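The next block is query-v1.tsv, given as TSV, C-alpha atoms.
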```tsv
chain	number	residue	atom	x	y	z
A	1	MET	CA	-17.92	65.99	82.89
A	2	GLY	CA	-15.73	67.49	80.16
A	3	GLY	CA	-12.72	67.58	82.47
A	4	GLN	CA	-13.22	63.97	83.46
A	5	GLN	CA	-13.39	62.98	79.79
A	6	SER	CA	-10.18	64.86	79.05
A	7	ASN	CA	-8.40	63.23	82.00
A	8	ALA	CA	-9.54	59.80	80.83
A	9	LEU	CA	-7.01	59.92	77.98
A	10	ALA	CA	-4.37	61.85	79.94
A	11	ASP	CA	-4.06	58.94	82.37
A	12	LYS	CA	-3.68	56.29	79.65
A	13	ARG	CA	-0.31	54.71	78.89
A	14	VAL	CA	-0.16	54.72	75.10
A	15	VAL	CA	2.74	52.77	73.63
A	16	CYS	CA	3.65	53.00	69.94
A	17	VAL	CA	5.84	50.23	68.53
A	18	GLY	CA	7.68	51.85	65.63
A	19	GLY	CA	9.11	55.33	65.24
A	20	GLY	CA	8.99	55.75	61.48
A	21	PHE	CA	6.68	57.99	59.48
A	22	GLY	CA	3.59	56.59	61.19
A	23	GLY	CA	5.19	56.91	64.62
A	24	ALA	CA	6.06	60.53	63.90
A	25	HIS	CA	2.40	61.28	63.35
A	26	VAL	CA	1.50	59.41	66.54
A	27	VAL	CA	3.73	61.87	68.41
A	28	LYS	CA	2.29	64.84	66.53
A	29	GLN	CA	-1.28	63.83	67.36
A	30	LEU	CA	-0.98	62.40	70.89
A	31	ARG	CA	1.99	64.05	72.59
A	32	GLY	CA	0.87	65.87	75.70
A	33	LYS	CA	-2.55	64.23	75.63
A	34	CYS	CA	-1.59	60.90	77.22
A	35	LYS	CA	1.36	59.07	78.76
A	36	LEU	CA	3.04	58.36	75.42
A	37	THR	CA	6.05	56.14	74.72
A	38	VAL	CA	7.39	55.55	71.19
A	39	ILE	CA	9.84	52.67	70.80
A	40	ASP	CA	12.22	52.16	67.87
A	41	PRO	CA	15.71	50.63	67.54
A	42	ARG	CA	17.04	53.44	65.34
A	43	GLU	CA	18.46	56.83	66.32
A	44	TYR	CA	16.74	58.46	63.35
A	45	ILE	CA	13.60	58.56	61.27
A	46	HIS	CA	14.25	57.72	57.66
A	47	TYR	CA	12.21	60.16	55.58
A	48	CYS	CA	12.21	57.73	52.67
A	49	ILE	CA	9.86	59.86	50.55
A	50	GLY	CA	12.90	61.89	49.50
A	51	SER	CA	15.16	58.94	48.61
A	52	PRO	CA	15.01	59.53	44.82
A	53	ARG	CA	16.68	62.95	45.17
A	54	VAL	CA	19.82	61.40	46.70
A	55	ALA	CA	20.47	59.67	43.37
A	56	VAL	CA	21.55	63.06	42.04
A	57	GLU	CA	22.15	65.17	45.19
A	58	PRO	CA	24.23	63.23	47.74
A	59	GLU	CA	24.06	66.09	50.25
A	60	PHE	CA	20.26	65.72	50.34
A	61	VAL	CA	20.71	62.63	52.54
A	62	LYS	CA	21.18	64.79	55.64
A	63	LYS	CA	17.60	66.00	55.22
A	64	LEU	CA	16.26	62.44	55.15
A	65	LEU	CA	17.68	61.26	58.48
A	66	VAL	CA	15.88	63.03	61.31
A	67	PRO	CA	17.24	62.56	64.88
A	68	ASN	CA	14.24	61.21	66.78
A	69	GLY	CA	15.84	61.42	70.21
A	70	GLU	CA	16.33	65.16	69.75
A	71	ALA	CA	12.76	65.67	68.58
A	72	TRP	CA	11.07	63.35	71.10
A	73	SER	CA	13.25	63.58	74.20
A	74	ASP	CA	10.19	63.35	76.45
A	75	CYS	CA	8.58	60.25	74.92
A	76	PHE	CA	11.15	58.27	72.90
A	77	LYS	CA	12.68	54.99	74.06
A	78	ARG	CA	15.34	53.43	71.87
A	79	GLY	CA	15.03	49.65	71.75
A	80	LEU	CA	13.95	46.69	69.67
A	81	VAL	CA	10.54	45.19	70.43
A	82	THR	CA	10.83	41.43	70.04
A	83	SER	CA	7.32	40.42	71.12
A	84	ILE	CA	4.00	41.62	72.50
A	85	ASP	CA	1.91	40.01	75.22
A	86	PRO	CA	-1.66	41.28	74.75
A	87	THR	CA	-2.87	39.30	77.79
A	88	LYS	CA	-0.45	41.01	80.18
A	89	LYS	CA	-0.66	44.19	78.07
A	90	VAL	CA	3.09	44.62	77.74
A	91	VAL	CA	5.58	44.94	74.90
A	92	ILE	CA	8.85	43.10	75.43
A	93	LEU	CA	12.19	44.51	74.37
A	94	GLU	CA	15.35	42.71	73.35
A	95	GLY	CA	16.94	41.92	76.69
A	96	GLY	CA	13.63	41.19	78.39
A	97	GLU	CA	12.45	44.62	79.58
A	98	GLU	CA	8.66	44.90	79.64
A	99	ILE	CA	6.81	48.12	78.85
A	100	PRO	CA	3.17	48.16	80.01
A	101	TYR	CA	0.40	49.79	78.02
A	102	ASP	CA	-3.27	50.66	78.26
A	103	ILE	CA	-3.53	51.32	74.53
A	104	LEU	CA	-1.09	49.92	71.98
A	105	ILE	CA	-0.33	51.27	68.51
A	106	ILE	CA	1.61	48.95	66.21
A	107	ALA	CA	3.35	51.10	63.60
A	108	THR	CA	6.25	48.91	62.54
A	109	GLY	CA	5.93	49.85	58.88
A	110	SER	CA	7.35	47.94	55.96
A	111	THR	CA	10.58	47.12	54.23
A	112	VAL	CA	11.48	47.42	50.56
A	113	PRO	CA	14.91	47.03	49.00
A	114	PHE	CA	17.26	49.96	49.55
A	115	PRO	CA	17.22	52.81	48.54
A	116	GLY	CA	13.48	52.62	49.15
A	117	LYS	CA	13.93	51.90	52.86
A	118	PHE	CA	16.50	50.66	55.36
A	119	ARG	CA	16.21	47.42	57.28
A	120	LEU	CA	15.69	47.85	61.02
A	121	ASP	CA	19.28	46.75	61.69
A	122	VAL	CA	20.62	49.96	60.11
A	123	THR	CA	20.34	51.79	63.40
A	124	THR	CA	22.69	54.80	63.22
A	125	ILE	CA	22.74	57.93	61.09
A	126	ALA	CA	26.36	57.24	60.14
A	127	GLU	CA	25.47	53.79	58.75
A	128	ALA	CA	22.53	55.20	56.80
A	129	GLU	CA	24.54	58.07	55.35
A	130	ASP	CA	27.27	55.67	54.25
A	131	LYS	CA	24.78	53.46	52.39
A	132	TYR	CA	23.30	56.45	50.60
A	133	GLN	CA	26.69	57.85	49.58
A	134	LYS	CA	27.71	54.49	48.12
A	135	TRP	CA	24.41	54.27	46.22
A	136	HIS	CA	24.85	57.77	44.79
A	137	ALA	CA	28.35	56.81	43.61
A	138	GLN	CA	26.91	53.72	41.91
A	139	VAL	CA	24.30	55.82	40.11
A	140	LYS	CA	26.90	58.37	39.04
A	141	ALA	CA	29.23	55.68	37.66
A	142	ALA	CA	26.61	53.71	35.72
A	143	LYS	CA	25.82	54.50	32.10
A	144	ARG	CA	22.84	52.13	31.82
A	145	ILE	CA	20.40	51.89	34.72
A	146	THR	CA	17.41	49.58	34.95
A	147	ILE	CA	14.76	50.10	37.62
A	148	VAL	CA	12.54	47.13	38.44
A	149	GLY	CA	9.12	48.39	39.46
A	150	GLY	CA	6.78	51.03	38.11
A	151	GLY	CA	5.51	52.40	41.42
A	152	PRO	CA	6.08	55.91	42.79
A	153	ILE	CA	9.65	55.48	44.10
A	154	GLY	CA	10.84	53.72	40.95
A	155	LEU	CA	9.36	56.32	38.62
A	156	GLU	CA	10.55	59.26	40.70
A	157	THR	CA	14.07	57.82	40.79
A	158	ALA	CA	14.07	57.32	37.03
A	159	ALA	CA	13.01	60.92	36.46
A	160	GLU	CA	15.61	62.32	38.87
A	161	ILE	CA	18.42	60.44	37.12
A	162	ARG	CA	17.39	61.39	33.59
A	163	GLU	CA	16.92	65.04	34.50
A	164	ASP	CA	20.40	65.42	35.98
A	165	TYR	CA	22.19	62.79	33.85
A	166	PRO	CA	20.54	62.96	30.41
A	167	GLU	CA	23.41	60.96	28.92
A	168	LYS	CA	22.46	57.87	30.94
A	169	GLU	CA	20.08	55.20	29.63
A	170	VAL	CA	17.28	54.66	32.15
A	171	THR	CA	14.75	51.85	31.74
A	172	VAL	CA	11.83	50.97	34.01
A	173	VAL	CA	10.48	47.40	33.86
A	174	ASN	CA	7.08	46.82	35.43
A	175	VAL	CA	5.06	43.62	35.64
A	176	GLY	CA	1.78	45.54	35.46
A	177	LYS	CA	0.35	46.51	32.10
A	178	ASP	CA	0.39	50.09	33.30
A	179	ILE	CA	2.35	52.11	35.85
A	180	ILE	CA	1.31	52.68	39.48
A	181	LEU	CA	-1.01	50.34	41.36
A	182	GLY	CA	-4.30	51.74	42.58
A	183	ASN	CA	-7.52	53.46	41.63
A	184	TYR	CA	-5.99	56.40	39.76
A	185	LYS	CA	-7.45	58.09	36.74
A	186	ASP	CA	-6.21	57.28	33.23
A	187	LYS	CA	-5.42	60.98	32.82
A	188	PHE	CA	-3.08	60.83	35.82
A	189	ARG	CA	-1.13	57.88	34.43
A	190	ARG	CA	-1.07	59.37	30.94
A	191	LYS	CA	0.42	62.63	32.19
A	192	VAL	CA	3.06	60.70	34.15
A	193	LYS	CA	4.03	58.65	31.12
A	194	ASP	CA	4.15	61.73	28.89
A	195	GLN	CA	6.58	63.43	31.26
A	196	LEU	CA	8.74	60.33	31.60
A	197	GLU	CA	8.86	60.01	27.83
A	198	ALA	CA	9.86	63.66	27.51
A	199	LEU	CA	12.71	63.00	29.94
A	200	GLY	CA	13.83	59.99	27.90
A	201	VAL	CA	12.90	57.25	30.36
A	202	LYS	CA	12.12	53.96	28.60
A	203	LEU	CA	9.15	51.96	29.91
A	204	VAL	CA	8.82	48.18	29.56
A	205	LEU	CA	5.31	47.35	30.79
A	206	GLY	CA	3.47	44.09	31.32
A	207	GLU	CA	6.68	42.07	31.67
A	208	ARG	CA	8.10	40.34	34.73
A	209	VAL	CA	11.85	40.23	35.34
A	210	SER	CA	12.64	36.52	35.21
A	211	ASN	CA	16.21	36.56	36.54
A	212	LEU	CA	15.82	39.06	39.39
A	213	ASP	CA	17.51	36.86	42.00
A	214	ASP	CA	20.61	36.54	39.82
A	215	LEU	CA	21.11	40.26	39.20
A	216	PRO	CA	23.75	42.26	41.12
A	217	THR	CA	22.28	45.43	42.63
A	218	ASP	CA	25.52	47.09	43.73
A	219	GLY	CA	26.78	48.09	40.28
A	220	SER	CA	29.76	45.77	40.67
A	221	GLN	CA	29.40	44.33	37.17
A	222	PRO	CA	27.32	44.77	34.01
A	223	CYS	CA	24.38	42.42	33.66
A	224	THR	CA	21.44	41.55	31.43
A	225	VAL	CA	17.93	42.03	32.80
A	226	LYS	CA	15.66	39.40	31.24
A	227	THR	CA	11.86	39.32	31.21
A	228	ASP	CA	9.29	36.58	30.80
A	229	LYS	CA	8.39	38.03	27.37
A	230	GLY	CA	11.92	37.66	26.04
A	231	THR	CA	13.03	41.28	26.41
A	232	GLU	CA	16.67	41.78	27.41
A	233	VAL	CA	18.01	45.06	28.80
A	234	GLU	CA	21.73	45.61	29.36
A	235	ALA	CA	22.46	47.38	32.66
A	236	ASP	CA	25.42	48.65	34.65
A	237	LEU	CA	23.20	49.16	37.70
A	238	VAL	CA	19.91	47.53	38.71
A	239	ILE	CA	17.68	49.31	41.23
A	240	VAL	CA	14.96	47.09	42.69
A	241	SER	CA	11.81	49.00	43.60
A	242	ILE	CA	9.41	46.14	44.31
A	243	GLY	CA	8.90	43.61	47.10
A	244	LEU	CA	7.26	45.54	49.93
A	245	LYS	CA	7.07	43.40	53.08
A	246	ALA	CA	5.55	44.10	56.47
A	247	ASN	CA	7.97	44.55	59.38
A	248	ALA	CA	6.17	41.82	61.30
A	249	ASP	CA	8.82	40.44	63.68
A	250	ALA	CA	7.43	42.30	66.69
A	251	TYR	CA	3.88	41.01	66.28
A	252	ARG	CA	3.93	37.94	64.03
A	253	GLU	CA	3.93	35.40	66.90
A	254	SER	CA	1.58	37.19	69.30
A	255	PHE	CA	-0.98	38.02	66.62
A	256	ALA	CA	-0.45	35.01	64.37
A	257	ASP	CA	-4.19	34.59	63.80
A	258	LYS	CA	-4.66	38.30	63.05
A	259	VAL	CA	-2.37	38.64	60.03
A	260	ASP	CA	-3.17	38.06	56.37
A	261	GLU	CA	-1.14	36.01	53.90
A	262	ARG	CA	1.40	38.87	53.57
A	263	ASN	CA	1.76	39.36	57.35
A	264	PHE	CA	-0.21	42.61	57.40
A	265	LEU	CA	-2.35	43.00	60.51
A	266	ARG	CA	-6.06	42.73	59.80
A	267	VAL	CA	-7.89	45.75	61.19
A	268	ASN	CA	-11.52	46.77	61.44
A	269	GLU	CA	-12.94	50.01	60.07
A	270	PHE	CA	-11.69	51.89	63.14
A	271	LEU	CA	-8.10	50.64	62.63
A	272	GLN	CA	-8.22	48.33	65.65
A	273	VAL	CA	-6.59	44.92	65.24
A	274	GLU	CA	-9.39	42.40	64.81
A	275	GLY	CA	-10.58	41.13	68.19
A	276	TYR	CA	-8.82	43.83	70.26
A	277	ASN	CA	-10.32	47.09	71.48
A	278	ASP	CA	-7.04	48.35	72.91
A	279	VAL	CA	-4.66	47.49	70.03
A	280	PHE	CA	-4.48	49.62	66.89
A	281	ALA	CA	-2.33	49.12	63.78
A	282	LEU	CA	-1.14	52.10	61.75
A	283	GLY	CA	0.26	52.56	58.26
A	284	ASP	CA	2.04	49.99	56.12
A	285	CYS	CA	1.79	47.14	58.66
A	286	ASN	CA	-2.01	47.00	58.49
A	287	ASN	CA	-4.32	45.86	55.68
A	288	ALA	CA	-6.48	48.99	55.54
A	289	ASP	CA	-5.01	50.37	52.29
A	290	VAL	CA	-4.51	48.72	48.92
A	291	VAL	CA	-1.80	51.26	48.10
A	292	LYS	CA	0.85	51.82	50.77
A	293	LEU	CA	1.72	55.53	50.88
A	294	ALA	CA	2.97	57.89	53.56
A	295	VAL	CA	0.02	60.20	52.97
A	296	HIS	CA	-2.32	57.30	53.79
A	297	ALA	CA	-0.50	56.64	57.08
A	298	GLU	CA	-0.90	60.32	57.96
A	299	HIS	CA	-4.61	60.19	57.16
A	300	GLN	CA	-4.97	56.97	59.17
A	301	MET	CA	-3.41	58.66	62.20
A	302	ASN	CA	-5.77	61.61	61.92
A	303	VAL	CA	-8.64	59.13	62.25
A	304	MET	CA	-6.90	56.95	64.84
A	305	ALA	CA	-6.22	59.88	67.18
A	306	LYS	CA	-9.95	60.60	67.31
A	307	ASN	CA	-10.70	56.92	67.88
A	308	ILE	CA	-8.19	56.59	70.70
A	309	HIS	CA	-9.77	59.57	72.41
A	310	ALA	CA	-13.21	58.08	71.82
A	311	LEU	CA	-12.05	54.76	73.29
A	312	ALA	CA	-10.77	56.51	76.42
A	313	ILE	CA	-14.02	58.38	77.07
A	314	GLY	CA	-16.45	55.76	75.77
A	315	GLY	CA	-17.39	57.85	72.76
A	316	LYS	CA	-18.27	57.04	69.16
A	317	MET	CA	-15.46	56.05	66.81
A	318	LYS	CA	-14.90	57.27	63.26
A	319	PRO	CA	-14.41	54.77	60.41
A	320	TYR	CA	-11.35	55.06	58.17
A	321	LYS	CA	-11.66	55.02	54.40
A	322	GLU	CA	-8.79	54.94	51.93
A	323	GLU	CA	-8.68	58.02	49.71
A	324	THR	CA	-7.32	58.31	46.19
A	325	MET	CA	-4.38	60.66	46.57
A	326	MET	CA	-0.86	60.80	45.16
A	327	SER	CA	1.69	63.47	44.39
A	328	LEU	CA	4.40	62.16	42.07
A	329	SER	CA	7.60	64.15	41.62
A	330	LEU	CA	9.24	63.82	38.20
A	331	GLY	CA	12.41	65.86	38.51
A	332	ARG	CA	12.61	69.24	40.23
A	333	ASN	CA	10.26	70.95	37.81
A	334	GLY	CA	7.84	68.17	36.89
A	335	GLY	CA	5.30	65.83	38.33
A	336	VAL	CA	1.61	64.97	38.51
A	337	THR	CA	-0.79	65.02	41.46
A	338	GLN	CA	-4.20	63.44	41.91
A	339	VAL	CA	-6.40	64.40	44.87
A	340	LYS	CA	-9.62	62.42	44.65
A	341	PHE	CA	-10.87	63.38	41.15
A	342	LEU	CA	-8.68	66.47	40.69
A	343	ILE	CA	-5.54	66.21	38.54
A	344	LEU	CA	-2.72	68.78	38.90
A	345	GLY	CA	0.09	69.08	36.37
A	346	SER	CA	3.80	69.78	36.57
A	347	PHE	CA	3.69	73.47	37.56
A	348	LEU	CA	1.60	72.98	40.71
A	349	THR	CA	3.17	69.62	41.58
A	350	ALA	CA	6.66	71.15	41.38
A	351	LYS	CA	5.61	73.88	43.83
A	352	LEU	CA	3.80	71.37	46.04
A	353	LYS	CA	6.36	68.54	46.18
A	354	SER	CA	9.07	68.30	43.55
A	355	HIS	CA	11.32	71.09	44.83
A	356	ASP	CA	12.01	69.33	48.14
A	357	PHE	CA	9.77	66.22	48.49
A	358	PHE	CA	7.92	67.91	51.42
A	359	VAL	CA	11.05	67.51	53.55
A	360	GLY	CA	10.96	71.02	55.01
A	361	ARG	CA	7.36	70.60	56.08
A	362	PHE	CA	8.13	67.24	57.70
A	363	TRP	CA	11.02	68.58	59.79
A	364	LYS	CA	9.12	71.66	60.96
A	365	ASP	CA	5.46	70.66	61.17
A	366	THR	CA	5.75	66.98	62.07
A	367	MET	CA	9.02	66.77	63.98
A	368	GLY	CA	9.23	70.32	65.37
A	369	LEU	CA	12.86	70.77	64.30
A	370	GLU	CA	14.84	73.14	62.12
A	371	LEU	CA	15.74	71.56	58.80
A	372	ALA	CA	19.29	70.19	58.62
A	373	GLN	CA	21.48	72.10	56.16
```

Can you present the structure in this file as structure tokens?
Amino acid sequence: MGGQQSNALADKRVVCVGGGFGGAHVVKQLRGKCKLTVIDPREYIHYCIGSPRVAVEPEFVKKLLVPNGEAWSDCFKRGLVTSIDPTKKVVILEGGEEIPYDILIIATGSTVPFPGKFRLDVTTIAEAEDKYQKWHAQVKAAKRITIVGGGPIGLETAAEIREDYPEKEVTVVNVGKDIILGNYKDKFRRKVKDQLEALGVKLVLGERVSNLDDLPTDGSQPCTVKTDKGTEVEADLVIVSIGLKANADAYRESFADKVDERNFLRVNEFLQVEGYNDVFALGDCNNADVVKLAVHAEHQMNVMAKNIHALAIGGKMKPYKEETMMSLSLGRNGGVTQVKFLILGSFLTAKLKSHDFFVGRFWKDTMGLELAQ
């Protein structure tokens, strides 16, 4: 009986649309346990968690672009999924090729303005490296930098710049009355703000940038960032760290009645797309989490792997529940971490994350590769 149950998953064709952070954890959890295919148009995984460090260390970019073909030679297919036919149970690539599945995982992720993430049309490592090097040069040349958005990437970028370039003026403007969206403790936010203040980062909270669409973001000319409360901040470079959008092109048409107002796929407690037993959605493209974080996608996949196995053998599935967890790097030697109700300060956070943004662990433990030097 046990062998038959094990073979039930081994015989399943599991297709994952999207080879980003979520897709990497699909491979980690399911490789060798089923007939797995991961499809993505890029020749790399963008480890975007470490983007803030490139602002001050341009060579760090090589650690953020992981060659997926090298890591997943047995299960990776490079291509762009343009649509999904859940009736025929196939995904359709640009050019018309159809890839059949028994179980589908949609892990297309999200897009935010660079340097947070790349669009899907930045497909080669050379293109990605070039964009990062140009951004680093813009940061280095600017004397006054304004970051729009008080979430993790914006705050980490601000801290990196002030730590290495203390002569630069760095301002963060956030529409929320406090920093960081989500159910985090006041003590966590207070510690973050105390460290940012010690670094000399200026915070403008509870104000919306009113001329965002008119602001250059390439450092080509000085500009004035204006808010709805009348505040004006002079800037040589504007870094936009808001505007997360689902990468929905692959599924928007096929699952038009299964997306919310922001194009995130609606999932049940087991992370299955509503109305489908054989279609799961993972990470940023689903509506399971209020706060979109890589650690949440990893936790989702831990649950999803069990549920996919349960689906194959007719077993009981495990519900997913969002957990309160964040590790925020604030320079190489600072930061704050919250794990459920536990708050860790700069010393432990620096050892945990700030020294390398977990990049070494990702290359070795998740991708099975030696870290690029």

Near-Val14 in chain A list (8 Å; only C-alpha atoms; drop same-chain fewer than 6 positions) as a PyMOL selection string: chain A and resi 34-37+101-105

Exercise: Leu9 in chain A partners within 12 Å, only C-alpha atoms, chain neighbours under 5 positions left out, as number ranges by chain: A: 2-4, 14, 30-36, 102-103, 305-315

So that each row is one residue of range 154-184 of chain A with an atom at most 6 Å from range 328-346 of chain A, can you give its shortest atom pair and the distance in Å to one decimal, using all atoms listed in the file, rows by chain and rising number, as CSV?
```
residue,atom,partner,partner_atom,distance
A:Glu156,CA,A:Leu330,CA,5.4
A:Ala159,CA,A:Leu330,CA,5.1
A:Glu160,CA,A:Gly331,CA,4.8
```

Option closest in space to Gly230 in chain A, from A:Ala126, A:Ala250, A:Leu215, A:Val204 [counting only C-alpha atoms]: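 Distance minimum relative to Gly230 in chain A lands on A:Val204.
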
For range 80-86 of chain A: contacts at 10 Å, all atoms listed in the file, fewer than 6 positions along chain excluded, given as a PyMOL selection string: chain A and resi 17-18+39-42+92-101+104+106+108+120-121+248-255+276+278-279

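A straight line drawn from CA of Thr123 in chain A to CA of Gln272 in chain A is 28.9 Å long.
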
Quick one: contact table of range 182-282 of chain A to range 128-143 of chain A, 12 Å max, nearest atom pair and distance in Å to one decimal per residue, counting all atoms listed in the file, chain and number order, as CSV?
```
residue,atom,partner,partner_atom,distance
A:Pro216,CA,A:Gln138,CA,11.9
A:Thr217,CA,A:Gln138,CA,9.5
A:Asp218,CA,A:Gln138,CA,7.0
A:Gly219,CA,A:Gln138,CA,5.9
A:Ser220,CA,A:Gln138,CA,8.5
A:Gln221,CA,A:Ala142,CA,9.9
A:Pro222,CA,A:Ala142,CA,9.1
A:Cys223,CA,A:Ala142,CA,11.7
A:Glu234,CA,A:Lys143,CA,10.2
A:Ala235,CA,A:Lys143,CA,7.9
A:Asp236,CA,A:Ala142,CA,5.3
A:Leu237,CA,A:Ala142,CA,6.0
A:Val238,CA,A:Val139,CA,9.5
A:Ile239,CA,A:Val139,CA,9.4
```

Shortest interatomic distance to Gly109 in chain A - which of A:Ala246, A:Ala297, A:Val38, A:Leu352, counting all atoms listed in the file: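 Going through A:Ala246, A:Ala297, A:Val38, A:Leu352 one by one, the smallest distance to Gly109 in chain A is for A:Ala246.
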
Best match for closeness to Lys321 in chain A among A:Arg162, A:Phe114, A:Asn302, A:Asp257, counting all atoms listed in the file: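 Of A:Arg162, A:Phe114, A:Asn302, A:Asp257, the one nearest Lys321 in chain A, counting all atoms listed in the file, is A:Asn302.
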
Separation of CA of Phe118 in chain A from CA of Gly50 in chain A, in Å and rounded to one decimal: 13.2 Å

Surrounding residues of Val209 in chain A excluding itself and chain neighbours under 6 positions, 12 Å, only C-alpha atoms, as a tab-separated table (two decimals) with C-alpha atoms, keeping the file's coordinate frame:
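Writing the result to around.tsv gives the following:
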```
chain	number	residue	atom	x	y	z
A	146	THR	CA	17.41	49.58	34.95
A	147	ILE	CA	14.76	50.10	37.62
A	148	VAL	CA	12.54	47.13	38.44
A	149	GLY	CA	9.12	48.39	39.46
A	172	VAL	CA	11.83	50.97	34.01
A	173	VAL	CA	10.48	47.40	33.86
A	174	ASN	CA	7.08	46.82	35.43
A	175	VAL	CA	5.06	43.62	35.64
A	176	GLY	CA	1.78	45.54	35.46
A	215	LEU	CA	21.11	40.26	39.20
A	224	THR	CA	21.44	41.55	31.43
A	225	VAL	CA	17.93	42.03	32.80
A	226	LYS	CA	15.66	39.40	31.24
A	227	THR	CA	11.86	39.32	31.21
A	228	ASP	CA	9.29	36.58	30.80
A	229	LYS	CA	8.39	38.03	27.37
A	230	GLY	CA	11.92	37.66	26.04
A	231	THR	CA	13.03	41.28	26.41
A	232	GLU	CA	16.67	41.78	27.41
A	233	VAL	CA	18.01	45.06	28.80
A	238	VAL	CA	19.91	47.53	38.71
A	240	VAL	CA	14.96	47.09	42.69
A	242	ILE	CA	9.41	46.14	44.31
```

Interatomic distance (Å, one decimal) between CA of Asn268 in chain A and CA of Ala107 in chain A: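 About the pair CA of Asn268 in chain A and CA of Ala107 in chain A: they are 15.6 Å apart.
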
Neighbour list for Glu169 in chain A as a list in words, cut-off 7 Å, only C-alpha atoms, skip fewer than 2 positions in-chain: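 Residues meeting the cut-off are Lys143, Arg144, Ile145, Glu167 and Thr171 of chain A.
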
Protein, DNA and RNA residues within 7 Å of (1.7, 52.2, 39.9), all atoms listed in the file, as JSON, numbers by chain: {"A": [150, 151, 152, 179, 180, 181, 182]}

Could you turn the residues from that selection into a file that holds C-alpha atoms, as a PDB file, in the coordinates of the input?
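Output below, filename again_15.pdb:
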```pdb
ATOM      1  CA  GLY A 150       6.780  51.030  38.110  1.00  0.00           C
ATOM      2  CA  GLY A 151       5.510  52.400  41.420  1.00  0.00           C
ATOM      3  CA  PRO A 152       6.080  55.910  42.790  1.00  0.00           C
ATOM      4  CA  ILE A 179       2.350  52.110  35.850  1.00  0.00           C
ATOM      5  CA  ILE A 180       1.310  52.680  39.480  1.00  0.00           C
ATOM      6  CA  LEU A 181      -1.010  50.340  41.360  1.00  0.00           C
ATOM      7  CA  GLY A 182      -4.300  51.740  42.580  1.00  0.00           C
TER       8      GLY A 182
END
```

Residue nearest Pro166 in chain A among A:Phe264, A:Lys187, A:Val56, A:Gly154 (counting all atoms listed in the file): A:Val56

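Closest approach to Lys292 in chain A among A:Ser110, A:Ser354, A:Asn68, A:Ser73: A:Ser110, based on all atoms listed in the file.
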
Top pick for closest residue to Asn277 in chain A, considering A:Met317, A:Val26, A:Leu199, A:Ala71 and counting all atoms listed in the file: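 Comparing A:Met317, A:Val26, A:Leu199, A:Ala71 against Asn277 in chain A, the winner is A:Met317.
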
Step by step: start from the point (14.3, 69.4, 47.7) in the file's coordinates, keep every protein, DNA or RNA residue that has an atom no farther than 12 Å from it, count only C-alpha atoms, and write the set as a PDB file with C-alpha atoms, in the coordinates of the input.
```
ATOM      1  CA  ILE A  49       9.860  59.860  50.550  1.00  0.00           C
ATOM      2  CA  GLY A  50      12.900  61.890  49.500  1.00  0.00           C
ATOM      3  CA  SER A  51      15.160  58.940  48.610  1.00  0.00           C
ATOM      4  CA  PRO A  52      15.010  59.530  44.820  1.00  0.00           C
ATOM      5  CA  ARG A  53      16.680  62.950  45.170  1.00  0.00           C
ATOM      6  CA  VAL A  54      19.820  61.400  46.700  1.00  0.00           C
ATOM      7  CA  VAL A  56      21.550  63.060  42.040  1.00  0.00           C
ATOM      8  CA  GLU A  57      22.150  65.170  45.190  1.00  0.00           C
ATOM      9  CA  PRO A  58      24.230  63.230  47.740  1.00  0.00           C
ATOM     10  CA  GLU A  59      24.060  66.090  50.250  1.00  0.00           C
ATOM     11  CA  PHE A  60      20.260  65.720  50.340  1.00  0.00           C
ATOM     12  CA  VAL A  61      20.710  62.630  52.540  1.00  0.00           C
ATOM     13  CA  LYS A  62      21.180  64.790  55.640  1.00  0.00           C
ATOM     14  CA  LYS A  63      17.600  66.000  55.220  1.00  0.00           C
ATOM     15  CA  LEU A  64      16.260  62.440  55.150  1.00  0.00           C
ATOM     16  CA  GLU A 160      15.610  62.320  38.870  1.00  0.00           C
ATOM     17  CA  SER A 329       7.600  64.150  41.620  1.00  0.00           C
ATOM     18  CA  GLY A 331      12.410  65.860  38.510  1.00  0.00           C
ATOM     19  CA  ARG A 332      12.610  69.240  40.230  1.00  0.00           C
ATOM     20  CA  ASN A 333      10.260  70.950  37.810  1.00  0.00           C
ATOM     21  CA  ALA A 350       6.660  71.150  41.380  1.00  0.00           C
ATOM     22  CA  LYS A 351       5.610  73.880  43.830  1.00  0.00           C
ATOM     23  CA  LEU A 352       3.800  71.370  46.040  1.00  0.00           C
ATOM     24  CA  LYS A 353       6.360  68.540  46.180  1.00  0.00           C
ATOM     25  CA  SER A 354       9.070  68.300  43.550  1.00  0.00           C
ATOM     26  CA  HIS A 355      11.320  71.090  44.830  1.00  0.00           C
ATOM     27  CA  ASP A 356      12.010  69.330  48.140  1.00  0.00           C
ATOM     28  CA  PHE A 357       9.770  66.220  48.490  1.00  0.00           C
ATOM     29  CA  PHE A 358       7.920  67.910  51.420  1.00  0.00           C
ATOM     30  CA  VAL A 359      11.050  67.510  53.550  1.00  0.00           C
ATOM     31  CA  GLY A 360      10.960  71.020  55.010  1.00  0.00           C
ATOM     32  CA  ARG A 361       7.360  70.600  56.080  1.00  0.00           C
ATOM     33  CA  PHE A 362       8.130  67.240  57.700  1.00  0.00           C
ATOM     34  CA  LEU A 371      15.740  71.560  58.800  1.00  0.00           C
ATOM     35  CA  GLN A 373      21.480  72.100  56.160  1.00  0.00           C
TER      36      GLN A 373
END
```
